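Written out below as structure tokens is the structure these notes cover.
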Amino acid sequence: MILEIKNLSKTYSNGVKALNDINLSIGTGMFGLLGPNGAGKSSLMRTIATLQTADSGTITFDGIDVQQNPQALREVLGYLPQEFGVYPRISAEMLLDHLAALKGIDNKKERKELVEAMLQRVNLFKVRSKYLSTYSGGMKQRFGIAQALIGNPKLIIVDEPTAGLDPAERNRFYNLLSELGENTVVILSTHIVEDVSTLCSDMAVICLGEVMEHGHPLEVVKKMEGKAWRKTVSRNEVEQYRNEFRVIASHLRAGKILLHIYAETDPGNGFERISPNLEDAYFSTISSKVDLVTI
Ligand code: ADP
């Protein structure tokens, strides 16, 4: 089962080119789509989810031409959008039952069992009869997962799932996502590097509508090997270093600033070579396209 995206482009009516000739081949397992805000992640996710159309290019999933036959894709799709908008005054149990009916599960008893099992799985069983509008952020996210998983989808799209969650909620959410079957294509769109390094066995970095990197997170990090350097500097020196070097990260450490920079050869100046991580690789990739100070 493969999701194949070929030469996909989209320019909005205001002239913004959100997708610029995207090519990606995504197999089963957890795929991380990483990019800064405005990179085009949601545009790509919404296009795959058949909520909007592209100007050119093709998307095929498991034999389905997504743009020619959106209904067939919707039948095998589970989608957790970035924003649900307003949460209704209806209980989780009732809404899930309704959604399961829409997905074609006609037998009432079967639907009840399915909904109850799903509520147990996302740990919302105890609060199943409360209105969704009263749920906390983490509970809403878990409900989002439940509605995306109902009906056993083959393609699951999760758009920016951990934004706004506290660390404990994020962990719970990671555990839930990592349980998803090996036989499903799961696309996780995020600007949080940790989401990808924790969960994904394949990933791409997109920026300004283009694919900048694609591969296993360890392969992406490996390309950066030998090119990441660090040095602790004082606050007032940062600007000067930013002008002189390609700074990919700056962290506050005991009142000083720990700079990470990208350099193909030893930059001298007291920098020491470090073993890069995915964050270094990601910021180094996008720093060739966008100014990191502004993101
Ligand atoms: P991301 O999800 O990575 O933050 P988006 O796909 O939301 O990126 O946005 C990519 C670019 O397209 C941004 O410059 C954004 O402002 C623009 N954009 C997104 N949706 C629309 C729209 N409906 N109309 C016009 N521009 C849009």
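Quick note on naming: the chains in the structure tokens go A, B, ... in the order shown, residues restart at 1 in each chain, and ligands are numbered from 1 in order of appearance.
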
Considering only C-alpha atoms, return as a list in words whatever protein or nucleic-acid residues lie within 6 Å of range 257-274 of chain A, sequence-local ones (same chain, fewer than 6 positions apart) excluded. Lys227, Ala228, Trp229, Arg230, Lys231, Thr232, Val233, Ser234, Arg246, Val247, Ile248, Ala249, Ser250 and His251 of chain A

Give as a PyMOL selection string the residues surrounding ligand 1 up to a distance of 12 Å, considering only C-alpha atoms and all ligand atoms. chain A and resi 9-20+33-47+51-53+81-83+158-161+163+188-192+205-211+295

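CA of Asp106 in chain A to CA of Arg74 in chain A spans 17.8 Å [interatomic distance, one decimal].
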
Could you go through range 82-295 of chain A and tell me which residues DSSP, when run on the backbone, assigns to alpha helix (DSSP H), listing them as a PyMOL selection string? chain A and resi 92-102+108-121+137-149+167-178+193-199+217-222+238-244+278-287

Since we have the selection now, will you write its residues out, keeping C-alpha atoms, as a CSV table (one decimal), in the first residue's frame?
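This is the output file again_39.csv:
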```
chain,number,residue,atom,x,y,z
A,92,ALA,CA,-18.4,11.8,22.5
A,93,GLU,CA,-20.5,8.6,22.5
A,94,MET,CA,-23.3,10.0,20.4
A,95,LEU,CA,-21.1,11.7,17.8
A,96,LEU,CA,-18.9,8.6,17.4
A,97,ASP,CA,-22.0,6.5,16.9
A,98,HIS,CA,-23.2,9.0,14.3
A,99,LEU,CA,-19.9,9.0,12.5
A,100,ALA,CA,-19.7,5.2,12.5
A,101,ALA,CA,-23.2,5.1,11.0
A,102,LEU,CA,-21.9,7.5,8.2
A,108,LYS,CA,-26.8,-0.8,16.0
A,109,LYS,CA,-25.3,-3.3,18.4
A,110,GLU,CA,-22.1,-3.7,16.4
A,111,ARG,CA,-21.8,0.1,16.3
A,112,LYS,CA,-22.3,0.4,20.1
A,113,GLU,CA,-19.5,-2.2,20.7
A,114,LEU,CA,-17.2,-0.5,18.3
A,115,VAL,CA,-17.8,3.0,19.8
A,116,GLU,CA,-17.3,1.7,23.3
A,117,ALA,CA,-14.0,-0.1,22.4
A,118,MET,CA,-12.8,3.1,20.7
A,119,LEU,CA,-13.6,5.2,23.7
A,120,GLN,CA,-11.7,2.7,26.0
A,121,ARG,CA,-8.8,2.9,23.6
A,137,GLY,CA,-7.4,20.3,24.9
A,138,GLY,CA,-5.9,16.8,25.4
A,139,MET,CA,-9.3,15.2,25.6
A,140,LYS,CA,-10.4,16.9,22.4
A,141,GLN,CA,-7.3,15.6,20.7
A,142,ARG,CA,-8.0,12.1,21.9
A,143,PHE,CA,-11.5,12.4,20.6
A,144,GLY,CA,-10.1,13.6,17.3
A,145,ILE,CA,-8.0,10.4,17.1
A,146,ALA,CA,-11.1,8.3,17.9
A,147,GLN,CA,-13.2,9.9,15.2
A,148,ALA,CA,-10.3,9.5,12.7
A,149,LEU,CA,-9.8,5.8,13.6
A,167,PRO,CA,3.9,17.5,28.0
A,168,ALA,CA,1.8,14.8,29.7
A,169,GLU,CA,-0.9,15.0,27.1
A,170,ARG,CA,1.6,14.9,24.3
A,171,ASN,CA,3.1,11.7,25.7
A,172,ARG,CA,-0.3,10.1,26.0
A,173,PHE,CA,-1.0,11.1,22.4
A,174,TYR,CA,2.3,9.7,21.2
A,175,ASN,CA,1.5,6.4,22.8
A,176,LEU,CA,-1.9,6.3,21.1
A,177,LEU,CA,-0.4,7.1,17.7
A,178,SER,CA,2.4,4.6,18.0
A,193,VAL,CA,10.9,17.9,15.5
A,194,GLU,CA,10.4,15.8,18.6
A,195,ASP,CA,7.1,14.5,17.1
A,196,VAL,CA,9.0,13.0,14.2
A,197,SER,CA,12.1,11.7,16.1
A,198,THR,CA,9.8,10.0,18.6
A,199,LEU,CA,7.4,8.4,16.2
A,217,PRO,CA,15.2,10.3,10.3
A,218,LEU,CA,18.6,8.6,10.9
A,219,GLU,CA,19.6,9.0,7.3
A,220,VAL,CA,18.6,12.7,7.4
A,221,VAL,CA,20.7,13.2,10.5
A,222,LYS,CA,23.6,11.2,8.9
A,238,VAL,CA,24.9,36.6,18.9
A,239,GLU,CA,24.1,39.1,16.2
A,240,GLN,CA,27.7,39.2,15.0
A,241,TYR,CA,27.8,35.3,14.9
A,242,ARG,CA,24.5,35.3,13.0
A,243,ASN,CA,26.0,37.6,10.4
A,244,GLU,CA,29.2,35.5,10.1
A,278,LEU,CA,17.3,15.7,14.0
A,279,GLU,CA,16.8,19.2,15.2
A,280,ASP,CA,20.2,20.3,13.8
A,281,ALA,CA,19.5,18.5,10.5
A,282,TYR,CA,16.0,20.1,10.2
A,283,PHE,CA,17.0,23.6,11.0
A,284,SER,CA,20.1,23.4,8.8
A,285,THR,CA,17.9,22.2,5.9
A,286,ILE,CA,15.3,25.0,6.2
A,287,SER,CA,17.9,27.6,7.0
```

Taking the chain letters and numbering used in this document, name the residues of range 62-260 of chain A that DSSP puts in strand (DSSP E or B), as a ChimeraX atom specification. /A:64-65,77-80,91,131,155-159,185-190,202-207,210-215,228-233,246-253,256-260

Using only C-alpha atoms, determine which residues lie at most 9 Å from range 60-64 of chain A, disregarding the query and same-chain residues fewer than 2 positions distant; provide the list as a list in words.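 Selected residues are Met1, Ile2, Leu3, Glu4, Ile5, Lys6, Thr58, Val66, Gln67, Gln68, Asn69, Pro70, Ala72, Leu73 and Leu155 of chain A.
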
Same residues, all heavy atoms, saved as a compact mmCIF listing (two decimals), in the first residue's frame:
```txt
# COMPACT_ATOMS: atom_id res chain seq x y z
N MET A 1 0.84 -1.19 0.00
CA MET A 1 0.00 0.00 0.00
C MET A 1 0.88 1.26 0.00
O MET A 1 1.70 1.43 0.89
CB MET A 1 -0.86 -0.01 1.26
CG MET A 1 -2.19 0.57 1.03
SD MET A 1 -3.41 -0.06 2.18
CE MET A 1 -2.54 -0.13 3.73
N ILE A 2 0.69 2.08 -1.04
CA ILE A 2 1.56 3.24 -1.17
C ILE A 2 0.75 4.48 -1.53
O ILE A 2 -0.19 4.41 -2.33
CB ILE A 2 2.64 3.00 -2.25
CG1 ILE A 2 3.69 2.03 -1.71
CG2 ILE A 2 3.32 4.29 -2.68
CD1 ILE A 2 4.87 1.84 -2.60
N LEU A 3 1.10 5.59 -0.90
CA LEU A 3 0.54 6.88 -1.32
C LEU A 3 1.58 7.53 -2.21
O LEU A 3 2.72 7.76 -1.78
CB LEU A 3 0.26 7.75 -0.09
CG LEU A 3 -0.27 9.14 -0.40
CD1 LEU A 3 -1.72 9.08 -0.89
CD2 LEU A 3 -0.19 10.04 0.82
N GLU A 4 1.20 7.78 -3.45
CA GLU A 4 2.16 8.32 -4.43
C GLU A 4 1.72 9.71 -4.85
O GLU A 4 0.62 9.89 -5.39
CB GLU A 4 2.17 7.37 -5.64
CG GLU A 4 3.30 7.57 -6.60
CD GLU A 4 4.53 6.75 -6.22
OE1 GLU A 4 4.41 5.52 -6.04
OE2 GLU A 4 5.60 7.38 -6.09
N ILE A 5 2.58 10.68 -4.60
CA ILE A 5 2.27 12.07 -4.96
C ILE A 5 3.24 12.48 -6.06
O ILE A 5 4.46 12.39 -5.88
CB ILE A 5 2.43 13.00 -3.74
CG1 ILE A 5 1.47 12.56 -2.63
CG2 ILE A 5 2.20 14.45 -4.12
CD1 ILE A 5 1.81 13.11 -1.27
N LYS A 6 2.69 12.92 -7.19
CA LYS A 6 3.58 13.25 -8.32
C LYS A 6 3.31 14.66 -8.84
O LYS A 6 2.18 15.00 -9.18
CB LYS A 6 3.36 12.25 -9.46
CG LYS A 6 4.04 10.92 -9.20
CD LYS A 6 4.19 10.12 -10.46
CE LYS A 6 4.88 8.79 -10.16
NZ LYS A 6 4.31 7.69 -10.90
N THR A 58 -0.63 14.51 -9.65
CA THR A 58 -1.53 13.41 -9.31
C THR A 58 -1.24 12.87 -7.92
O THR A 58 -0.13 12.97 -7.40
CB THR A 58 -1.36 12.22 -10.30
OG1 THR A 58 0.01 11.81 -10.27
CG2 THR A 58 -1.76 12.59 -11.71
N VAL A 66 -6.89 9.74 -6.46
CA VAL A 66 -7.58 10.51 -5.42
C VAL A 66 -8.37 11.68 -6.00
O VAL A 66 -9.48 11.98 -5.55
CB VAL A 66 -6.54 11.01 -4.38
CG1 VAL A 66 -7.17 11.97 -3.38
CG2 VAL A 66 -5.90 9.82 -3.67
N GLN A 67 -7.82 12.32 -7.03
CA GLN A 67 -8.51 13.50 -7.56
C GLN A 67 -9.66 13.12 -8.50
O GLN A 67 -10.65 13.84 -8.59
CB GLN A 67 -7.51 14.42 -8.24
CG GLN A 67 -6.55 14.99 -7.18
CD GLN A 67 -5.40 15.74 -7.77
OE1 GLN A 67 -5.35 16.96 -7.68
NE2 GLN A 67 -4.48 15.04 -8.39
N GLN A 68 -9.52 11.98 -9.16
CA GLN A 68 -10.59 11.52 -10.05
C GLN A 68 -11.73 10.89 -9.26
O GLN A 68 -12.87 10.91 -9.68
CB GLN A 68 -10.06 10.45 -11.02
CG GLN A 68 -8.97 10.94 -11.98
CD GLN A 68 -9.55 11.88 -13.01
OE1 GLN A 68 -10.66 11.68 -13.47
NE2 GLN A 68 -8.81 12.92 -13.34
N ASN A 69 -11.36 10.25 -8.14
CA ASN A 69 -12.35 9.49 -7.40
C ASN A 69 -12.26 9.79 -5.89
O ASN A 69 -11.92 8.92 -5.08
CB ASN A 69 -12.08 7.99 -7.67
CG ASN A 69 -13.25 7.14 -7.26
OD1 ASN A 69 -14.22 7.64 -6.69
ND2 ASN A 69 -13.15 5.84 -7.52
N PRO A 70 -12.57 11.06 -5.51
CA PRO A 70 -12.41 11.46 -4.10
C PRO A 70 -13.26 10.62 -3.14
O PRO A 70 -12.83 10.34 -2.03
CB PRO A 70 -12.85 12.93 -4.09
CG PRO A 70 -13.56 13.17 -5.37
CD PRO A 70 -13.05 12.17 -6.35
N ALA A 72 -13.98 7.46 -3.20
CA ALA A 72 -13.33 6.18 -2.87
C ALA A 72 -12.24 6.41 -1.82
O ALA A 72 -12.04 5.59 -0.92
CB ALA A 72 -12.74 5.56 -4.14
N LEU A 73 -11.55 7.53 -1.93
CA LEU A 73 -10.50 7.83 -0.95
C LEU A 73 -11.13 8.09 0.42
O LEU A 73 -10.66 7.59 1.45
CB LEU A 73 -9.68 9.04 -1.43
CG LEU A 73 -8.33 9.35 -0.78
CD1 LEU A 73 -8.46 10.24 0.43
CD2 LEU A 73 -7.51 8.13 -0.43
N LEU A 155 -5.68 4.91 5.37
CA LEU A 155 -4.83 6.11 5.29
C LEU A 155 -5.28 7.06 6.40
O LEU A 155 -6.45 7.42 6.47
CB LEU A 155 -5.00 6.78 3.92
CG LEU A 155 -4.32 8.15 3.74
CD1 LEU A 155 -2.81 8.03 3.85
CD2 LEU A 155 -4.70 8.77 2.40
```

Can you tell me, as a PDB file with all heavy atoms, in the first residue's frame, what residues are no more than 8 Å from Leu8 in chain A when counting only C-alpha atoms, ignoring any on the same chain fewer than 4 positions away?
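Written file, out.pdb:
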```pdb
ATOM      1  N   LEU A  19       2.215  24.859  -2.879  1.00  0.00           N
ATOM      2  CA  LEU A  19       2.847  23.577  -3.230  1.00  0.00           C
ATOM      3  C   LEU A  19       3.537  23.748  -4.580  1.00  0.00           C
ATOM      4  O   LEU A  19       2.920  24.179  -5.554  1.00  0.00           O
ATOM      5  CB  LEU A  19       1.794  22.458  -3.318  1.00  0.00           C
ATOM      6  CG  LEU A  19       0.935  22.221  -2.074  1.00  0.00           C
ATOM      7  CD1 LEU A  19      -0.144  21.176  -2.344  1.00  0.00           C
ATOM      8  CD2 LEU A  19       1.804  21.774  -0.890  1.00  0.00           C
ATOM      9  N   ASN A  20       4.822  23.403  -4.615  1.00  0.00           N
ATOM     10  CA  ASN A  20       5.605  23.650  -5.820  1.00  0.00           C
ATOM     11  C   ASN A  20       6.259  22.351  -6.288  1.00  0.00           C
ATOM     12  O   ASN A  20       7.353  22.021  -5.866  1.00  0.00           O
ATOM     13  CB  ASN A  20       6.651  24.730  -5.502  1.00  0.00           C
ATOM     14  CG  ASN A  20       7.412  25.174  -6.723  1.00  0.00           C
ATOM     15  OD1 ASN A  20       7.123  24.735  -7.842  1.00  0.00           O
ATOM     16  ND2 ASN A  20       8.406  26.022  -6.513  1.00  0.00           N
ATOM     17  N   ASP A  21       5.550  21.597  -7.106  1.00  0.00           N
ATOM     18  CA  ASP A  21       6.068  20.367  -7.696  1.00  0.00           C
ATOM     19  C   ASP A  21       6.503  19.344  -6.635  1.00  0.00           C
ATOM     20  O   ASP A  21       7.650  18.921  -6.587  1.00  0.00           O
ATOM     21  CB  ASP A  21       7.245  20.701  -8.627  1.00  0.00           C
ATOM     22  CG  ASP A  21       7.563  19.539  -9.567  1.00  0.00           C
ATOM     23  OD1 ASP A  21       6.647  18.744  -9.867  1.00  0.00           O
ATOM     24  OD2 ASP A  21       8.729  19.414  -9.983  1.00  0.00           O
ATOM     25  N   ILE A  22       5.534  18.965  -5.791  1.00  0.00           N
ATOM     26  CA  ILE A  22       5.803  17.997  -4.715  1.00  0.00           C
ATOM     27  C   ILE A  22       5.804  16.574  -5.277  1.00  0.00           C
ATOM     28  O   ILE A  22       4.870  16.172  -5.969  1.00  0.00           O
ATOM     29  CB  ILE A  22       4.721  18.092  -3.612  1.00  0.00           C
ATOM     30  CG1 ILE A  22       4.704  19.473  -2.970  1.00  0.00           C
ATOM     31  CG2 ILE A  22       4.877  16.962  -2.577  1.00  0.00           C
ATOM     32  CD1 ILE A  22       5.659  19.677  -1.842  1.00  0.00           C
ATOM     33  N   ASN A  23       6.858  15.822  -4.966  1.00  0.00           N
ATOM     34  CA  ASN A  23       6.939  14.402  -5.319  1.00  0.00           C
ATOM     35  C   ASN A  23       7.283  13.630  -4.056  1.00  0.00           C
ATOM     36  O   ASN A  23       8.324  13.884  -3.440  1.00  0.00           O
ATOM     37  CB  ASN A  23       8.040  14.165  -6.362  1.00  0.00           C
ATOM     38  CG  ASN A  23       7.625  14.672  -7.719  1.00  0.00           C
ATOM     39  OD1 ASN A  23       6.838  14.036  -8.412  1.00  0.00           O
ATOM     40  ND2 ASN A  23       8.125  15.841  -8.092  1.00  0.00           N
ATOM     41  N   ALA A  54      -5.699  20.375  -6.353  1.00  0.00           N
ATOM     42  CA  ALA A  54      -4.416  20.939  -6.782  1.00  0.00           C
ATOM     43  C   ALA A  54      -4.595  21.528  -8.187  1.00  0.00           C
ATOM     44  O   ALA A  54      -5.587  21.264  -8.854  1.00  0.00           O
ATOM     45  CB  ALA A  54      -3.366  19.842  -6.797  1.00  0.00           C
ATOM     46  N   ASP A  55      -3.619  22.341  -8.630  1.00  0.00           N
ATOM     47  CA  ASP A  55      -3.676  22.884  -9.999  1.00  0.00           C
ATOM     48  C   ASP A  55      -3.165  21.846 -10.984  1.00  0.00           C
ATOM     49  O   ASP A  55      -3.627  21.760 -12.111  1.00  0.00           O
ATOM     50  CB  ASP A  55      -2.804  24.145 -10.119  1.00  0.00           C
ATOM     51  CG  ASP A  55      -3.251  25.213  -9.148  1.00  0.00           C
ATOM     52  OD1 ASP A  55      -4.449  25.232  -8.816  1.00  0.00           O
ATOM     53  OD2 ASP A  55      -2.398  26.013  -8.713  1.00  0.00           O
ATOM     54  N   SER A  56      -2.141  21.088 -10.553  1.00  0.00           N
ATOM     55  CA  SER A  56      -1.582  20.066 -11.437  1.00  0.00           C
ATOM     56  C   SER A  56      -0.944  18.972 -10.600  1.00  0.00           C
ATOM     57  O   SER A  56      -0.702  19.159  -9.404  1.00  0.00           O
ATOM     58  CB  SER A  56      -0.537  20.689 -12.369  1.00  0.00           C
ATOM     59  OG  SER A  56       0.436  21.349 -11.595  1.00  0.00           O
ATOM     60  N   GLY A  57      -0.693  17.833 -11.240  1.00  0.00           N
ATOM     61  CA  GLY A  57      -0.082  16.701 -10.545  1.00  0.00           C
ATOM     62  C   GLY A  57      -1.118  15.645 -10.180  1.00  0.00           C
ATOM     63  O   GLY A  57      -2.323  15.846 -10.364  1.00  0.00           O
ATOM     64  N   THR A  58      -0.628  14.512  -9.653  1.00  0.00           N
ATOM     65  CA  THR A  58      -1.531  13.405  -9.311  1.00  0.00           C
ATOM     66  C   THR A  58      -1.245  12.866  -7.915  1.00  0.00           C
ATOM     67  O   THR A  58      -0.127  12.971  -7.404  1.00  0.00           O
ATOM     68  CB  THR A  58      -1.361  12.224 -10.295  1.00  0.00           C
ATOM     69  OG1 THR A  58       0.014  11.814 -10.267  1.00  0.00           O
ATOM     70  CG2 THR A  58      -1.765  12.590 -11.712  1.00  0.00           C
ATOM     71  N   ILE A  59      -2.296  12.300  -7.317  1.00  0.00           N
ATOM     72  CA  ILE A  59      -2.156  11.580  -6.039  1.00  0.00           C
ATOM     73  C   ILE A  59      -2.842  10.234  -6.227  1.00  0.00           C
ATOM     74  O   ILE A  59      -4.020  10.198  -6.619  1.00  0.00           O
ATOM     75  CB  ILE A  59      -2.864  12.322  -4.885  1.00  0.00           C
ATOM     76  CG1 ILE A  59      -2.387  13.777  -4.794  1.00  0.00           C
ATOM     77  CG2 ILE A  59      -2.643  11.611  -3.563  1.00  0.00           C
ATOM     78  CD1 ILE A  59      -3.185  14.615  -3.790  1.00  0.00           C
TER      79      ILE A  59
END
```

Please indicate the distance in Å from CA of Glu225 in chain A to CA of Asp291 in chain A, rounded to one decimal place.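 It comes out at 22.4 Å.
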
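Of the listed residues A:Val122, A:Asp65, A:Arg128, A:Tyr135, the one whose atoms come nearest to Tyr87 in chain A is A:Tyr135, with distances taken using only C-alpha atoms.
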
What's around Leu77 in chain A at 8 Å? Count only C-alpha atoms, leave out sequence neighbours fewer than 6 positions away in its own chain, and write the answer as a list in words.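 The neighbour list is Ala49, Ala148, Pro153, Lys154, Leu155, Ile156 and Ile157 of chain A.
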
Preceding selection exported with N, CA and C atoms as a short mmCIF file (atom, residue, chain, number, x, y, z; two decimals), in the first residue's frame:
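Writing the result to result-v4.cif gives the following:
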```
data_model
loop_
_atom_site.label_atom_id
_atom_site.label_comp_id
_atom_site.auth_asym_id
_atom_site.auth_seq_id
_atom_site.Cartn_x
_atom_site.Cartn_y
_atom_site.Cartn_z
N ALA A 49 -6.52 14.77 1.52
CA ALA A 49 -7.80 14.42 2.16
C ALA A 49 -9.01 14.80 1.30
N ALA A 148 -11.07 9.78 13.91
CA ALA A 148 -10.27 9.48 12.71
C ALA A 148 -10.10 7.97 12.52
N PRO A 153 -9.65 2.96 8.97
CA PRO A 153 -9.11 3.58 7.76
C PRO A 153 -7.76 2.98 7.36
N LYS A 154 -7.44 3.05 6.06
CA LYS A 154 -6.14 2.56 5.57
C LYS A 154 -5.13 3.69 5.45
N LEU A 155 -5.68 4.91 5.37
CA LEU A 155 -4.83 6.11 5.29
C LEU A 155 -5.28 7.06 6.40
N ILE A 156 -4.33 7.41 7.27
CA ILE A 156 -4.67 8.30 8.39
C ILE A 156 -3.81 9.56 8.29
N ILE A 157 -4.48 10.70 8.31
CA ILE A 157 -3.76 11.97 8.23
C ILE A 157 -3.99 12.75 9.51
#
```
